[in-house]
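> Supplied in structure tokens, the structure appears directly below.
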Amino acid sequence: MIRVAKGTDRTQARLGYRVQAPDRRATQRGAFDSNQLTWSDDGEYAVVGSVNVNVPKGSVVQAFASYGGRWIHQGWITDPDNSANVRRSMHEVFDPNLEGTKKSLFDVKSHRQDARILEAGVGNLLFMYGFAVNPLSSHFTTDAADLLAVSPNGNIAVIECTTGAINSNGKLSKLLARSAALLEKLEQTGNPHLKVLPIVVSTMRREALTDEEIASSKGIYIATSEDLELSLIHISEPTRPERIS
């Protein structure tokens with residue numbers, strides 16, 4: 001469906017779509033002009049044009065909204081009972097509806113009892129997005145990052161998780177030093193082509209962050225509570241971990 005403000009010339013609206021099979025192959029494409037959609041009121045200020053499309057079980061639909069010949073928005077439509085993300089399906093055998101992962105990511109009381117619970121939730125999320133995850137959780141591993149996540153093409157994210165300020169106890173400096181050490185090791189072992197991305201995952205809202213400018217200027221990516229929420233929303237979509245490139 002496509003939503004258009006009332007009073008707008010809806011004849012300029014167009015809805016395109018692409019059906020993607022579980023193996024990521026595009027099996028069907030098409031588009032609907034305004035006169036091919038069924039229109040109905042959606043509250044006081046909008047109308048919705050909708051159409052039904054039959055797709056094979058386990059597929060996802062990527063929909064594209066355009067107006068006056070210009071692309072303006074896109075989104076994914078998924079069946080929560082037939083996820084296109086096989087890793088999510090695997091994980092949910094042991095974590096129904098991702099309730100455990102959500103608690104690991106957002107439950108403040110659990111974080112106060114054990115801050116490493118956040119690391120477990122982030123690790124679960126990264127696995128479902130297609131990364132190979134090293135939790136570096138051995139009692140004998142010292143001065144290590146919280147997590148390493150490797151994309152299928154070999155690029156690496158070095159991740160620090162925090163429930164407080166992103167630079168508490170010198171976290172940013174430590175993260176940069178660990179990332180630099182990893183880059184040096186890659187160069188020594190004949191892998192200088194691989195990329196290393198330092199990331200801080202914080203349970204704080206972005207508006208409450210301090211030191212974000214410092215982190216960004218050093219090439220550190222900051223993921224906040226909002227990013228974690230969005231990641232859970234999009235977890236049914238086909239994974240694209242190679243985007244770390």
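Each chain in the structure tokens gets a letter, A, B, ..., in the order shown, and its residues are numbered from 1; ligands are numbered from 1 in order too.
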Quick one: everything within 8 Å of segment 120-131 of chain A, counting only C-alpha atoms, minus sequence neighbours fewer than 3 positions away in the same chain. Send it as a tab-separated table (two decimals) with N, CA, C and O atoms, in the first residue's frame.

chain	number	residue	atom	x	y	z
A	85	ASN	N	15.05	-14.45	6.70
A	85	ASN	CA	16.34	-14.49	7.38
A	85	ASN	C	16.46	-15.82	8.12
A	85	ASN	O	15.91	-15.99	9.21
A	87	ARG	N	18.87	-17.15	9.67
A	87	ARG	CA	19.57	-17.07	10.95
A	87	ARG	C	18.60	-16.66	12.06
A	87	ARG	O	18.71	-17.13	13.19
A	88	ARG	N	17.67	-15.76	11.75
A	88	ARG	CA	16.67	-15.42	12.75
A	88	ARG	C	15.81	-16.64	13.07
A	88	ARG	O	15.52	-16.92	14.24
A	91	HIS	N	17.70	-18.86	15.35
A	91	HIS	CA	17.83	-18.31	16.69
A	91	HIS	C	16.51	-18.43	17.46
A	91	HIS	O	16.51	-18.71	18.67
A	100	GLY	N	14.37	-13.02	24.68
A	100	GLY	CA	15.63	-13.00	25.42
A	100	GLY	C	16.60	-11.96	24.88
A	100	GLY	O	17.26	-11.25	25.65
A	101	THR	N	16.66	-11.85	23.56
A	101	THR	CA	17.54	-10.85	22.96
A	101	THR	C	17.10	-9.45	23.31
A	101	THR	O	17.92	-8.58	23.65
A	102	LYS	N	15.79	-9.20	23.26
A	102	LYS	CA	15.27	-7.87	23.61
A	102	LYS	C	15.59	-7.51	25.06
A	102	LYS	O	15.97	-6.38	25.35
A	103	LYS	N	15.47	-8.49	25.94
A	103	LYS	CA	15.78	-8.23	27.34
A	103	LYS	C	17.27	-7.95	27.51
A	103	LYS	O	17.66	-7.06	28.27
A	104	SER	N	18.10	-8.69	26.79
A	104	SER	CA	19.55	-8.46	26.87
A	104	SER	C	19.92	-7.06	26.40
A	104	SER	O	20.85	-6.45	26.90
A	105	LEU	N	19.19	-6.56	25.42
A	105	LEU	CA	19.51	-5.26	24.85
A	105	LEU	C	18.95	-4.08	25.64
A	105	LEU	O	19.58	-3.03	25.71
A	116	ARG	N	27.67	-7.42	31.07
A	116	ARG	CA	28.00	-8.25	29.91
A	116	ARG	C	26.76	-8.85	29.26
A	116	ARG	O	26.85	-9.42	28.17
A	117	ILE	N	25.61	-8.72	29.92
A	117	ILE	CA	24.36	-9.18	29.30
A	117	ILE	C	24.11	-8.42	28.01
A	117	ILE	O	23.61	-8.98	27.03
A	135	PRO	N	32.88	-13.67	20.77
A	135	PRO	CA	32.55	-12.92	21.98
A	135	PRO	C	33.75	-12.59	22.85
A	135	PRO	O	33.63	-11.81	23.80
A	147	LEU	N	33.48	-7.54	21.56
A	147	LEU	CA	33.06	-8.44	20.50
A	147	LEU	C	33.86	-8.15	19.23
A	147	LEU	O	34.24	-7.01	18.97
A	149	ALA	N	33.12	-8.92	15.10
A	149	ALA	CA	32.12	-9.40	14.15
A	149	ALA	C	32.73	-9.35	12.76
A	149	ALA	O	33.24	-8.31	12.33
A	150	VAL	N	32.69	-10.48	12.05
A	150	VAL	CA	33.34	-10.58	10.75
A	150	VAL	C	32.28	-10.80	9.67
A	150	VAL	O	31.45	-11.71	9.78
A	151	SER	N	32.31	-9.96	8.64
A	151	SER	CA	31.37	-10.11	7.53
A	151	SER	C	31.83	-11.22	6.61
A	151	SER	O	33.00	-11.64	6.67
A	152	PRO	N	30.96	-11.72	5.71
A	152	PRO	CA	31.38	-12.81	4.82
A	152	PRO	C	32.58	-12.48	3.94
A	152	PRO	O	33.32	-13.38	3.55
A	231	SER	N	17.20	-2.16	14.31
A	231	SER	CA	17.78	-3.44	13.90
A	231	SER	C	16.82	-4.59	14.17
A	231	SER	O	16.71	-5.52	13.36
A	232	LEU	N	16.11	-4.53	15.27
A	232	LEU	CA	15.13	-5.57	15.57
A	232	LEU	C	13.95	-5.52	14.63
A	232	LEU	O	13.38	-6.54	14.25
A	235	ILE	N	15.02	-7.17	11.23
A	235	ILE	CA	15.74	-8.43	11.32
A	235	ILE	C	15.14	-9.52	10.43
A	235	ILE	O	15.78	-10.52	10.14
A	239	THR	N	19.61	-10.63	4.99
A	239	THR	CA	20.77	-10.00	5.63
A	239	THR	C	21.75	-9.49	4.60
A	239	THR	O	21.89	-10.03	3.51
A	240	ARG	N	22.45	-8.40	4.96
A	240	ARG	CA	23.47	-7.80	4.10
A	240	ARG	C	24.70	-7.42	4.93
A	240	ARG	O	25.05	-6.25	5.01
A	241	PRO	N	25.34	-8.38	5.58
A	241	PRO	CA	26.48	-8.02	6.44
A	241	PRO	C	27.65	-7.44	5.67
A	241	PRO	O	28.49	-6.75	6.25
> Which residues come within 10 Å of segment 160-162 of chain A, counting only C-alpha atoms, excluding same-chain residues fewer than 4 positions away, as a PyMOL selection string?
chain A and resi 111+115-120+122+144-148+166-168+171-172+174-175+198-204+222-224
> Which parts of segment 47-216 of chain A does DSSP call strand (DSSP E or B) when run on the backbone here, written out as a ChimeraX atom specification?
/A:47-50,60-67,70-77,132-134,147-150,156-162,196-202
> Sorted by chain and rising residue number, which residues of segment 62-85 of chain A lie within 12 Å of segment 38-55 of chain A, and what are their closest atom pairs and distances in Å to one decimal, counting only C-alpha atoms, as JSON lines?

{"residue": "A:Gln62", "atom": "CA", "partner": "A:Val55", "partner_atom": "CA", "distance": 11.7}
{"residue": "A:Ala63", "atom": "CA", "partner": "A:Val53", "partner_atom": "CA", "distance": 11.2}
{"residue": "A:Ala65", "atom": "CA", "partner": "A:Gly49", "partner_atom": "CA", "distance": 10.9}
{"residue": "A:Ile77", "atom": "CA", "partner": "A:Val55", "partner_atom": "CA", "distance": 11.1}
{"residue": "A:Thr78", "atom": "CA", "partner": "A:Val55", "partner_atom": "CA", "distance": 10.8}
{"residue": "A:Asp79", "atom": "CA", "partner": "A:Val55", "partner_atom": "CA", "distance": 10.7}
{"residue": "A:Asn82", "atom": "CA", "partner": "A:Val55", "partner_atom": "CA", "distance": 12.0}
> Just checking: using only C-alpha atoms, which residue out of A:Ser217, A:Ile233, A:Gly154, A:Ser173 ends up closest to Asn191 of chain A?
A:Gly154
> Quick one: pull the distance between atom CA of Ala181 of chain A and atom CA of Asn134 of chain A, Å, one decimal.
16.5 Å
> Quick one: pick out all alpha helix (DSSP H) residues within segment 47-229 of chain A from a backbone DSSP run and write them as a VMD selection string.
chain A and resid 86 to 92 99 to 106 108 to 113 116 to 128 171 to 188 212 to 217 225 to 229
> Using only C-alpha atoms, which protein or nucleic acid residues come within 7 Å of Tyr67 of chain A? Drop anything in the same chain fewer than 6 positions from it, and give the result as a list of chain:residue names.
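So the residues in contact are A:Gln12, A:Ala13, A:Arg14.
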